[in-house]
Each structure stands twice: as C-alpha cells, then as structure tokens.
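Asks: Got entry.cif for you, mmCIF, C-alpha atoms (C1' of nucleotides):
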```cif
data_final
loop_
_atom_site.label_atom_id
_atom_site.label_comp_id
_atom_site.auth_asym_id
_atom_site.auth_seq_id
_atom_site.Cartn_x
_atom_site.Cartn_y
_atom_site.Cartn_z
CA MET A 150 -27.71 -19.36 24.96
CA ASP A 151 -25.79 -16.38 26.19
CA SER A 152 -22.45 -18.14 26.01
CA GLU A 153 -22.27 -17.22 22.35
CA ARG A 154 -21.47 -13.75 23.49
CA GLU A 155 -18.26 -14.77 25.12
CA LEU A 156 -17.32 -17.13 22.36
CA LEU A 157 -17.39 -14.31 19.88
CA LYS A 158 -14.75 -12.37 21.74
CA GLY A 159 -11.71 -11.71 19.68
CA ASN A 160 -13.30 -12.82 16.42
CA THR A 161 -15.09 -9.64 15.51
CA PRO A 162 -12.22 -8.02 13.59
CA THR A 163 -11.46 -11.28 11.84
CA LEU A 164 -15.02 -11.65 10.66
CA ALA A 165 -15.17 -8.09 9.39
CA LEU A 166 -11.89 -8.50 7.53
CA ALA A 167 -13.11 -11.73 5.98
CA VAL A 168 -16.17 -10.04 4.56
CA LEU A 169 -14.20 -7.06 3.29
CA ASN A 170 -11.76 -9.42 1.66
CA ASP A 171 -14.48 -10.19 -0.87
CA GLY A 172 -15.14 -6.58 -1.73
CA PRO A 173 -15.77 -3.12 -0.29
CA LEU A 174 -18.81 -2.72 1.87
CA HIS A 175 -20.26 -0.34 4.43
CA GLY A 176 -20.75 -1.13 8.10
CA TYR A 177 -24.38 -1.96 8.00
CA GLY A 178 -23.79 -4.18 5.00
CA ILE A 179 -20.98 -6.01 6.74
CA ALA A 180 -23.29 -6.87 9.58
CA ARG A 181 -25.94 -8.12 7.16
CA GLU A 182 -23.42 -10.17 5.23
CA ILE A 183 -22.07 -11.89 8.31
CA GLU A 184 -25.57 -12.82 9.35
CA ARG A 185 -26.29 -14.12 5.89
CA ARG A 186 -23.14 -16.21 5.61
CA SER A 187 -23.56 -17.69 9.05
CA ASP A 188 -27.25 -18.30 8.52
CA ASN A 189 -28.06 -15.98 11.41
CA ALA A 190 -25.89 -17.91 13.82
CA LEU A 191 -23.66 -14.86 14.15
CA ARG A 192 -24.96 -11.33 14.52
CA PHE A 193 -23.04 -8.14 14.75
CA LYS A 194 -24.55 -5.77 17.24
CA GLU A 195 -24.05 -2.12 16.44
CA GLY A 196 -22.33 -1.46 19.73
CA THR A 197 -19.73 -4.00 18.68
CA LEU A 198 -19.50 -3.35 14.99
CA TYR A 199 -18.69 0.32 14.70
CA PRO A 200 -16.03 0.47 17.40
CA ALA A 201 -14.42 -2.58 15.80
CA LEU A 202 -14.34 -0.94 12.40
CA HIS A 203 -12.83 2.21 13.88
CA ALA A 204 -10.12 0.13 15.52
CA LEU A 205 -9.35 -1.69 12.28
CA GLU A 206 -9.08 1.62 10.50
CA ARG A 207 -6.77 3.02 13.17
CA GLU A 208 -4.52 0.02 12.65
CA GLY A 209 -4.45 0.56 8.91
CA LEU A 210 -6.07 -2.77 8.12
CA ILE A 211 -9.03 -1.16 6.41
CA VAL A 212 -9.79 2.29 5.02
CA GLY A 213 -13.17 3.95 5.13
CA GLU A 214 -14.53 6.54 2.78
CA TRP A 215 -17.84 8.34 2.72
CA GLU A 216 -19.69 7.70 -0.48
CA ARG A 217 -22.87 9.24 -1.82
CA GLU A 218 -25.26 7.07 -3.70
CA GLY A 219 -27.84 7.81 -6.36
CA ASN A 220 -30.54 8.57 -3.86
CA GLY A 221 -28.36 11.05 -2.01
CA ARG A 222 -27.75 8.68 0.85
CA GLU A 223 -24.35 8.76 2.41
CA ARG A 224 -22.55 5.84 3.90
CA LYS A 225 -19.05 4.91 4.87
CA VAL A 226 -17.62 2.24 2.63
CA TYR A 227 -14.67 0.24 3.90
CA ARG A 228 -11.96 -1.41 1.86
CA ILE A 229 -9.39 -3.90 3.07
CA THR A 230 -5.73 -2.88 2.72
CA PRO A 231 -2.78 -5.12 1.85
CA ALA A 232 -1.86 -5.05 5.53
CA GLY A 233 -5.41 -6.09 6.26
CA ILE A 234 -5.19 -9.00 3.89
CA ALA A 235 -1.98 -10.19 5.52
CA ASP A 236 -3.58 -9.78 8.92
CA LEU A 237 -6.61 -11.74 7.87
CA GLU A 238 -4.44 -14.61 6.76
CA SER A 239 -2.64 -14.58 10.05
CA ARG A 240 -5.90 -14.43 11.96
CA THR A 241 -7.34 -17.28 9.96
CA ARG A 242 -4.35 -19.42 10.73
CA THR A 243 -4.64 -18.54 14.40
CA TRP A 244 -8.30 -19.46 14.36
CA ASN A 245 -7.64 -22.81 12.71
CA THR A 246 -4.96 -23.67 15.21
CA PHE A 247 -7.16 -22.63 18.08
CA ALA A 248 -10.28 -24.38 16.83
CA SER A 249 -8.52 -27.66 16.21
CA ALA A 250 -6.96 -27.48 19.67
CA ILE A 251 -10.39 -27.05 21.19
CA GLU A 252 -11.73 -29.95 19.16
CA ARG A 253 -8.93 -32.15 20.39
CA VAL A 254 -9.65 -31.33 24.02
CA LEU A 255 -13.38 -31.77 23.56
CA GLY A 256 -12.87 -34.84 21.47
CA GLY A 257 -11.45 -36.93 24.16
CA HIS A 258 -9.29 -38.86 26.43
CA ASN A 259 -6.40 -40.61 24.85
CA ASN A 260 -4.32 -39.08 22.18
CA GLY A 261 -0.73 -39.93 22.70
CA THR A 262 1.82 -37.36 21.66
CA PRO A 263 1.71 -37.44 17.86
CA ALA A 264 4.91 -37.92 15.94
CA LEU A 265 4.53 -34.81 13.81
CA PRO A 266 3.71 -31.52 15.48
CA GLY A 267 2.16 -30.16 12.31
CA THR A 268 -0.13 -33.08 11.78
CA PRO A 269 -3.50 -31.86 10.51
CA PRO A 270 -6.11 -32.15 13.24
CA ASN A 271 -9.34 -33.94 12.87
CA LEU A 272 -12.20 -31.52 12.88
CA ARG A 273 -15.24 -33.30 14.09
CA THR A 274 -18.70 -31.86 14.22
CA GLU A 275 -21.02 -34.79 14.79
CA PRO A 276 -22.72 -34.97 18.18
CA THR A 277 -22.33 -37.98 20.40
CA SER A 278 -25.15 -39.72 18.56
CA MET B 663 0.00 -13.85 19.11
CA ASP B 664 -1.99 -12.32 21.89
CA SER B 665 -5.29 -12.82 20.14
CA GLU B 666 -5.38 -16.34 21.51
CA ARG B 667 -6.19 -14.80 24.82
CA GLU B 668 -9.42 -13.33 23.60
CA LEU B 669 -10.32 -16.40 21.59
CA LEU B 670 -10.24 -18.48 24.71
CA LYS B 671 -12.90 -16.41 26.39
CA GLY B 672 -15.95 -18.40 27.27
CA ASN B 673 -14.33 -21.75 26.57
CA THR B 674 -12.57 -22.26 29.85
CA PRO B 675 -15.45 -23.98 31.66
CA THR B 676 -16.17 -26.12 28.62
CA LEU B 677 -12.60 -27.33 28.46
CA ALA B 678 -12.49 -28.14 32.14
CA LEU B 679 -15.75 -30.05 31.94
CA ALA B 680 -14.50 -31.98 28.94
CA VAL B 681 -11.45 -33.18 30.83
CA LEU B 682 -13.44 -34.07 33.92
CA ASN B 683 -15.85 -35.99 31.76
CA ASP B 684 -13.11 -38.58 31.34
CA GLY B 685 -12.50 -38.99 35.03
CA PRO B 686 -11.92 -37.12 38.31
CA LEU B 687 -8.90 -34.90 38.46
CA HIS B 688 -7.51 -32.04 40.52
CA GLY B 689 -7.02 -28.50 39.29
CA TYR B 690 -3.37 -28.69 38.51
CA GLY B 691 -3.90 -31.94 36.67
CA ILE B 692 -6.70 -30.47 34.61
CA ALA B 693 -4.39 -27.73 33.43
CA ARG B 694 -1.71 -30.26 32.53
CA GLU B 695 -4.19 -32.46 30.70
CA ILE B 696 -5.54 -29.63 28.59
CA GLU B 697 -2.03 -28.69 27.58
CA ARG B 698 -1.27 -32.27 26.72
CA ARG B 699 -4.40 -32.81 24.65
CA SER B 700 -3.99 -29.59 22.76
CA ASP B 701 -0.30 -30.18 22.25
CA ASN B 702 0.46 -27.01 24.21
CA ALA B 703 -1.69 -24.87 21.96
CA LEU B 704 -3.95 -24.18 24.92
CA ARG B 705 -2.67 -23.37 28.38
CA PHE B 706 -4.61 -22.75 31.50
CA LYS B 707 -3.14 -20.01 33.58
CA GLU B 708 -3.68 -20.32 37.29
CA GLY B 709 -5.42 -16.99 37.49
CA THR B 710 -7.98 -18.38 35.07
CA LEU B 711 -8.20 -21.95 36.19
CA TYR B 712 -9.05 -21.76 39.87
CA PRO B 713 -11.74 -19.11 39.64
CA ALA B 714 -13.29 -21.09 36.79
CA LEU B 715 -13.39 -24.26 38.87
CA HIS B 716 -14.93 -22.39 41.78
CA ALA B 717 -17.62 -21.05 39.49
CA LEU B 718 -18.38 -24.50 38.08
CA GLU B 719 -18.67 -25.85 41.58
CA ARG B 720 -21.00 -23.03 42.62
CA GLU B 721 -23.21 -23.94 39.69
CA GLY B 722 -23.28 -27.58 40.69
CA LEU B 723 -21.63 -28.78 37.49
CA ILE B 724 -18.70 -30.26 39.35
CA VAL B 725 -17.96 -31.20 42.94
CA GLY B 726 -14.60 -30.86 44.64
CA GLU B 727 -13.26 -32.82 47.52
CA TRP B 728 -9.98 -32.65 49.36
CA GLU B 729 -8.10 -35.88 49.14
CA ARG B 730 -4.91 -36.97 50.83
CA GLU B 731 -2.54 -39.13 48.91
CA GLY B 732 0.01 -41.68 50.01
CA ASN B 733 2.73 -39.11 50.33
CA GLY B 734 0.61 -36.93 52.59
CA ARG B 735 -0.04 -34.37 49.91
CA GLU B 736 -3.47 -32.83 49.83
CA ARG B 737 -5.28 -31.74 46.75
CA LYS B 738 -8.76 -30.95 45.65
CA VAL B 739 -10.14 -33.54 43.29
CA TYR B 740 -13.07 -32.55 41.11
CA ARG B 741 -15.75 -34.79 39.68
CA ILE B 742 -18.29 -33.91 37.04
CA THR B 743 -21.94 -34.15 38.06
CA PRO B 744 -24.88 -35.32 35.92
CA ALA B 745 -25.81 -31.67 35.51
CA GLY B 746 -22.24 -31.04 34.41
CA ILE B 747 -22.43 -33.77 31.82
CA ALA B 748 -25.61 -32.31 30.41
CA ASP B 749 -24.05 -28.87 30.40
CA LEU B 750 -20.99 -30.16 28.63
CA GLU B 751 -23.12 -31.63 25.89
CA SER B 752 -24.94 -28.37 25.49
CA ARG B 753 -21.69 -26.44 25.43
CA THR B 754 -20.22 -28.78 22.87
CA ARG B 755 -23.19 -28.30 20.60
CA THR B 756 -22.92 -24.55 21.03
CA TRP B 757 -19.26 -24.68 20.16
CA ASN B 758 -19.86 -26.75 17.04
CA THR B 759 -22.55 -24.39 15.85
CA PHE B 760 -20.39 -21.41 16.55
CA ALA B 761 -17.24 -22.84 14.99
CA SER B 762 -18.96 -23.87 11.81
CA ALA B 763 -20.56 -20.45 11.54
CA ILE B 764 -17.15 -18.84 11.80
CA GLU B 765 -15.76 -21.19 9.18
CA ARG B 766 -18.56 -20.27 6.84
CA VAL B 767 -17.90 -16.58 7.20
CA LEU B 768 -14.16 -17.02 6.85
CA GLY B 769 -14.62 -19.48 4.05
CA GLY B 770 -16.07 -17.14 1.59
CA HIS B 771 -18.18 -15.08 -0.59
CA ASN B 772 -21.03 -16.88 -2.23
CA ASN B 773 -23.18 -19.30 -0.41
CA GLY B 774 -26.72 -18.70 -1.40
CA THR B 775 -29.39 -19.43 1.16
CA PRO B 776 -29.25 -23.20 1.50
CA ALA B 777 -32.42 -25.19 1.14
CA LEU B 778 -32.05 -27.01 4.43
CA PRO B 779 -31.26 -25.02 7.56
CA GLY B 780 -29.68 -28.01 9.20
CA THR B 781 -27.36 -28.78 6.34
CA PRO B 782 -23.91 -29.72 7.62
CA PRO B 783 -21.47 -26.90 6.91
CA ASN B 784 -18.33 -27.30 4.95
CA LEU B 785 -15.38 -26.93 7.22
CA ARG B 786 -12.54 -25.65 5.17
CA THR B 787 -9.05 -25.14 6.42
CA GLU B 788 -6.89 -24.67 3.38
CA PRO B 789 -5.58 -21.16 2.66
CA THR B 790 -6.32 -19.44 -0.63
CA SER B 791 -3.65 -21.54 -2.32
"C1'" DT C 1487 -48.28 12.17 9.12
"C1'" DG C 1488 -46.57 8.03 10.89
"C1'" DA C 1489 -44.09 3.79 10.68
"C1'" DC C 1490 -40.26 1.47 9.30
"C1'" DA C 1491 -35.75 0.16 7.37
"C1'" DC C 1492 -31.44 2.04 6.60
"C1'" DG C 1493 -27.17 3.98 8.50
"C1'" DC C 1494 -23.99 6.19 11.56
"C1'" DC C 1495 -22.26 6.83 16.41
"C1'" DT C 1496 -21.00 6.68 21.86
"C1'" DC C 1497 -21.28 5.31 26.64
"C1'" DG C 1498 -21.29 2.33 30.66
"C1'" DG C 1499 -22.03 -2.17 32.77
"C1'" DA C 1500 -20.76 -6.90 32.69
"C1'" DA C 1501 -17.97 -10.75 31.82
"C1'" DT C 1502 -13.54 -12.79 31.16
"C1'" DC C 1503 -8.45 -13.63 31.04
"C1'" DC C 1504 -4.10 -13.51 33.23
"C1'" DG C 1505 0.28 -11.57 35.32
"C1'" DA C 1506 1.71 -10.86 39.74
"C1'" DT C 1507 1.77 -12.32 44.17
"C1'" DG C 1508 1.33 -15.26 48.21
"C1'" DT C 1509 1.33 -19.73 50.83
"C1'" DA C 1510 2.80 -24.43 51.54
"C1'" DT C 1511 4.59 -29.25 50.69
"C1'" DA C 1512 7.54 -32.97 48.42
"C1'" DC C 1513 11.49 -34.32 45.99
"C1'" DT C 1514 16.27 -34.08 44.23
"C1'" DC C 1515 20.86 -32.78 44.01
"C1'" DT C 1516 25.04 -31.12 46.09
"C1'" DA D 1460 21.52 -29.09 55.68
"C1'" DG D 1461 20.45 -25.94 52.10
"C1'" DA D 1462 18.96 -24.63 47.53
"C1'" DG D 1463 16.27 -25.27 43.69
"C1'" DT D 1464 12.37 -27.03 41.34
"C1'" DA D 1465 7.79 -29.02 40.59
"C1'" DT D 1466 3.51 -29.58 42.64
"C1'" DA D 1467 -0.74 -27.40 44.36
"C1'" DC D 1468 -3.87 -24.19 46.09
"C1'" DA D 1469 -5.65 -19.27 46.07
"C1'" DT D 1470 -6.76 -13.93 45.23
"C1'" DC D 1471 -6.50 -9.34 43.22
"C1'" DG D 1472 -6.45 -5.73 39.82
"C1'" DG D 1473 -5.68 -4.14 35.12
"C1'" DA D 1474 -6.87 -4.82 30.48
"C1'" DT D 1475 -9.85 -6.23 26.90
"C1'" DT D 1476 -14.12 -7.15 24.71
"C1'" DC D 1477 -19.18 -7.41 23.92
"C1'" DC D 1478 -23.51 -5.21 23.71
"C1'" DG D 1479 -27.94 -2.98 25.45
"C1'" DA D 1480 -29.50 1.45 25.55
"C1'" DG D 1481 -29.61 5.68 23.82
"C1'" DG D 1482 -29.12 9.33 20.25
"C1'" DC D 1483 -29.18 11.48 15.44
"C1'" DG D 1484 -30.60 11.73 10.67
"C1'" DT D 1485 -32.53 10.14 5.82
"C1'" DG D 1486 -35.44 7.73 2.31
"C1'" DT D 1487 -39.78 5.18 1.25
"C1'" DC D 1488 -44.35 3.84 1.41
"C1'" DA D 1489 -49.14 3.84 2.99
#
```
Turn the structure described in the file into structure tokens.
Replies:
Amino acid sequence: MDSERELLKGNTPTLALAVLNDGPLHGYGIAREIERRSDNALRFKEGTLYPALHALEREGLIVGEWEREGNGRERKVYRITPAGIADLESRTRTWNTFASAIERVLGGHNNGTPALPGTPPNLRTEPTS
Amino acid sequence: MDSERELLKGNTPTLALAVLNDGPLHGYGIAREIERRSDNALRFKEGTLYPALHALEREGLIVGEWEREGNGRERKVYRITPAGIADLESRTRTWNTFASAIERVLGGHNNGTPALPGTPPNLRTEPTS
DNA sequence: TGACACGCCTCGGAATCCGATGTATACTCT
DNA sequence: AGAGTATACATCGGATTCCGAGGCGTGTCA
C-alpha cells in the first residue's frame, strides 16, 4: 500500500517531537523508536528524517549536539526545547481534531448538526464486520 | 493552522468515496457534505476537488454523468462503483491502521513489544493533564 | 579482509494541495 | 433591468512534502 506515503505527509515533525518529548535521542534512534512504538507500521526513511530534523532545529523546536560515546563513536543527539514542547501540544491537538473529523466523514451518513461544537468525537476503529 | 493542509494529503479520494458510498452526488455537493459531516473541520477546495474526482473516474472507482434538473441546471453526478466500494474499504482499513499507529507514537514512551501483533491499540486523546 | 549494522548527509523526481482565475446559470432583492 | 450572490464546472502553477538513490565514514565480528 503506497498510500501510506501520502498519509504521512505533515506528520513527520510531530512524530519526531513526540519521541524527543520522552528524552534526548539521536536521529537514527528516533527512527528506530518510531518503528518500535508503531509496531513497524510507521517507518522513517533517511531521506525524510534528517531534513525534518534540520528544519525542526532551524525553527528552534529542538537542539542538536554532537556527542562522543565510550567507543569513540560520534552522533548528534537532539533535545526538545520548551518551544518544541508547546508546538508538540499544538500539533497533537491539531491531529486529534483532524483525525476525528476524518472518522466522522468515513463513519457515515447522518449526523445532524450537534448541539455542542466541542463535543468529543467518537473514534471508531472496528471494520464493517 | 496551515498544517491541516499537509495532513489532508492522500485522504481526499478516500473522503470523496466515503460520501459517495452513501448515495450519488455531484462535485459541489460532495464538498458541502464533507464540510457538514466534519463540522467544517475539513473543507474541499475546488482546486483539489475536481482533479481528485477526475482521477477517481479515470481509475474506475466512480462514474460521472451529466444530469439536467427541473430548473434546467446541469451538473455532473457521480456514483461509486463496486471497485470503488472495495477500494473505500481498503482505504478505510489503511487509515485505521495509520491513525492508530500515530496515536501510539504520540501516546507515549513505554509500550513493550506486545504479545499479539493484532492487539487493538489504545486510542488516547487526553492531553498530559 | 569482508560483511554488516550503525550513523550522518544531500539531491531530484513524484505526488499532492490550493489560491487564483475563468466560464456559465439560477435566484433574489431593489 | 441591473447587481449581487450561490451554485457548478474546470485548469494552471507555485509550494510543500516524501523518499529512493547515492555518498561518506566508523565499529564489530567472523
């Protein structure tokens, strides 16, 4: 299914921020962690990952620093900034709004205008069965 | 928030198919219906909508036909095909898989490798609180 | 020595969205 | 009659994003 590729668009920075929100990590590790958490449903390709991290750094949402390990290996470890944390929260809210809107459209036909605009949506996952 | 724009990518055909799955409708009406169902969270711009419908028609997932109404107005009414229905189901499954994967990554830190690969994910929406 | 995982990076093609723009008809209000 | 608005179709080009392909270098193990 190649459509996954398009679905991912726009979520890359959000995903990276989410991982970094749980602790500093280097690029390669971020990719691994996202695959792990999503059970391999999501994979970060290198051509996507590094440019995305550079962009996040340019925007001040994360900061990267080269670190040398015991074995002499060097890698660039990223940390989320306060601005990044705020941005992540905003992005998460945006995602939730978006996802529930999609679910509502996919879900079906008749939903009359609800009384409360902020009414929590019903997230459904079950197939048609 | 402009990020919505990128989030939408790849979902346009799915949304259109979902609406047409509930009955034939013309382009303009599809746009209106998606806005209604999503409570205006999602809007189809014309520059997106019509090319998307043409593509779906090319792929045989929908068929369009010019119809004249009582008032003499002409509009192109689209119907979903059996292939379109099958495609919609596939797309819906893809979306569910994708969305739950995102939720898992956003959700948090420690989820050890689950025993069952097909285990239903936990969709969480609440902020850190 | 070779193979492999780790780890960083850039470039160009492909796909997608949408603002701007254009055309045309029906209805409503003054 | 004229103006304004909603309906209804369509295309084009700029912007954005993903990622395959390619490149560079290091540590580990057989």
Asks: Please report as CSV every residue of chain A lying within 7 Å of chain B, along with the nearest atom pair and their distance in Å (one decimal), using all atoms listed in the file.
Replies:
```
residue,atom,partner,partner_atom,distance
A:Ser152,CA,B:Gly672,CA,6.6
A:Glu155,CA,B:Gly672,CA,4.8
A:Leu156,CA,B:Gly672,CA,5.3
A:Lys158,CA,B:Glu668,CA,5.7
A:Gly159,CA,B:Glu668,CA,4.8
A:Asn160,CA,B:Leu669,CA,7.0
A:Leu164,CA,B:Leu768,CA,6.6
A:Ala167,CA,B:Leu768,CA,5.5
A:Asp171,CA,B:His771,CA,6.1
A:Ile183,CA,B:Val767,CA,6.4
A:Arg186,CA,B:Val767,CA,5.5
A:Ser187,CA,B:Ala763,CA,4.8
A:Ala190,CA,B:Ala763,CA,6.3
A:Leu191,CA,B:Ala763,CA,6.9
A:Asn245,CA,B:Thr787,CA,6.9
A:Ala250,CA,B:Ser700,CA,4.8
A:Arg253,CA,B:Ser700,CA,6.0
A:Val254,CA,B:Arg699,CA,5.5
A:Leu255,CA,B:Ala680,CA,5.5
A:His258,CA,B:Asp684,CA,6.2
A:Asn260,CA,B:Arg699,CA,6.7
A:Thr274,CA,B:Asn758,CA,6.0
```
Asks: Can you write out as a Markdown table which residues of chain D fall within 8 Å of chain B, alongside each residue's closest atom pair and its distance in Å to one decimal, counting all atoms listed in the file and ordering rows by chain and ascending residue number?
Replies:
```
| residue | atom | partner | partner_atom | distance |
| --- | --- | --- | --- | --- |
| D:DA1467 | C1' | B:Tyr690 | CA | 6.5 |
| D:DC1468 | C1' | B:Arg737 | CA | 7.7 |
| D:DA1469 | C1' | B:Tyr712 | CA | 7.5 |
| D:DT1475 | C1' | B:Glu668 | CA | 7.8 |
| D:DT1476 | C1' | B:Glu668 | CA | 7.8 |
```
Asks: So which residues get picked by the PyMOL selection byres ((chain C and resi 1491) around 10) here, written as a PDB file with C-alpha atoms (C1' of nucleotides), in the frame of the given file?
Replies:
```pdb
ATOM      1  C1'  DA C1489     -44.090   3.790  10.680  1.00  0.00           C
ATOM      2  C1'  DC C1490     -40.260   1.470   9.300  1.00  0.00           C
ATOM      3  C1'  DC C1492     -31.440   2.040   6.600  1.00  0.00           C
ATOM      4  C1'  DG C1493     -27.170   3.980   8.500  1.00  0.00           C
TER       5       DG C1493
ATOM      6  C1'  DG D1486     -35.440   7.730   2.310  1.00  0.00           C
ATOM      7  C1'  DT D1487     -39.780   5.180   1.250  1.00  0.00           C
TER       8       DT D1487
END
```
Asks: Per residue of chain C within 9 Å of chain A, which atom pair is closest and at what distance in Å (one decimal), using all atoms listed in the file, listed by chain and increasing number, as a tab-separated table?
Replies:
```
residue	atom	partner	partner_atom	distance
C:DC1492	C1'	A:Tyr177	CA	8.2
C:DG1493	C1'	A:Tyr177	CA	6.6
C:DC1494	C1'	A:Arg224	CA	7.8
C:DC1495	C1'	A:Tyr199	CA	7.6
C:DT1496	C1'	A:Gly196	CA	8.5
C:DA1501	C1'	A:Glu155	CA	7.8
C:DT1502	C1'	A:Glu155	CA	7.9
```
Asks: What is the distance, in Å and to one decimal place, between C1' of DC1478 (chain D) and C1' of DC1497 (chain C)?
Replies: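 So the two atoms, C1' of DC1478 (chain D) and C1' of DC1497 (chain C), lie 11.1 Å apart.
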Asks: Please indicate the distance in Å from CA of Phe706 (chain B) to CA of Glu731 (chain B), rounded to one decimal place.
Replies: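 These atoms are spaced 24.0 Å apart.
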Asks: Run the PyMOL selection byres ((chain C and resi 1514) around 12) against the file shown and list the residues it catches, as a PyMOL selection string.
Replies: (chain C and resi 1512-1513+1515-1516) or (chain D and resi 1462-1465)
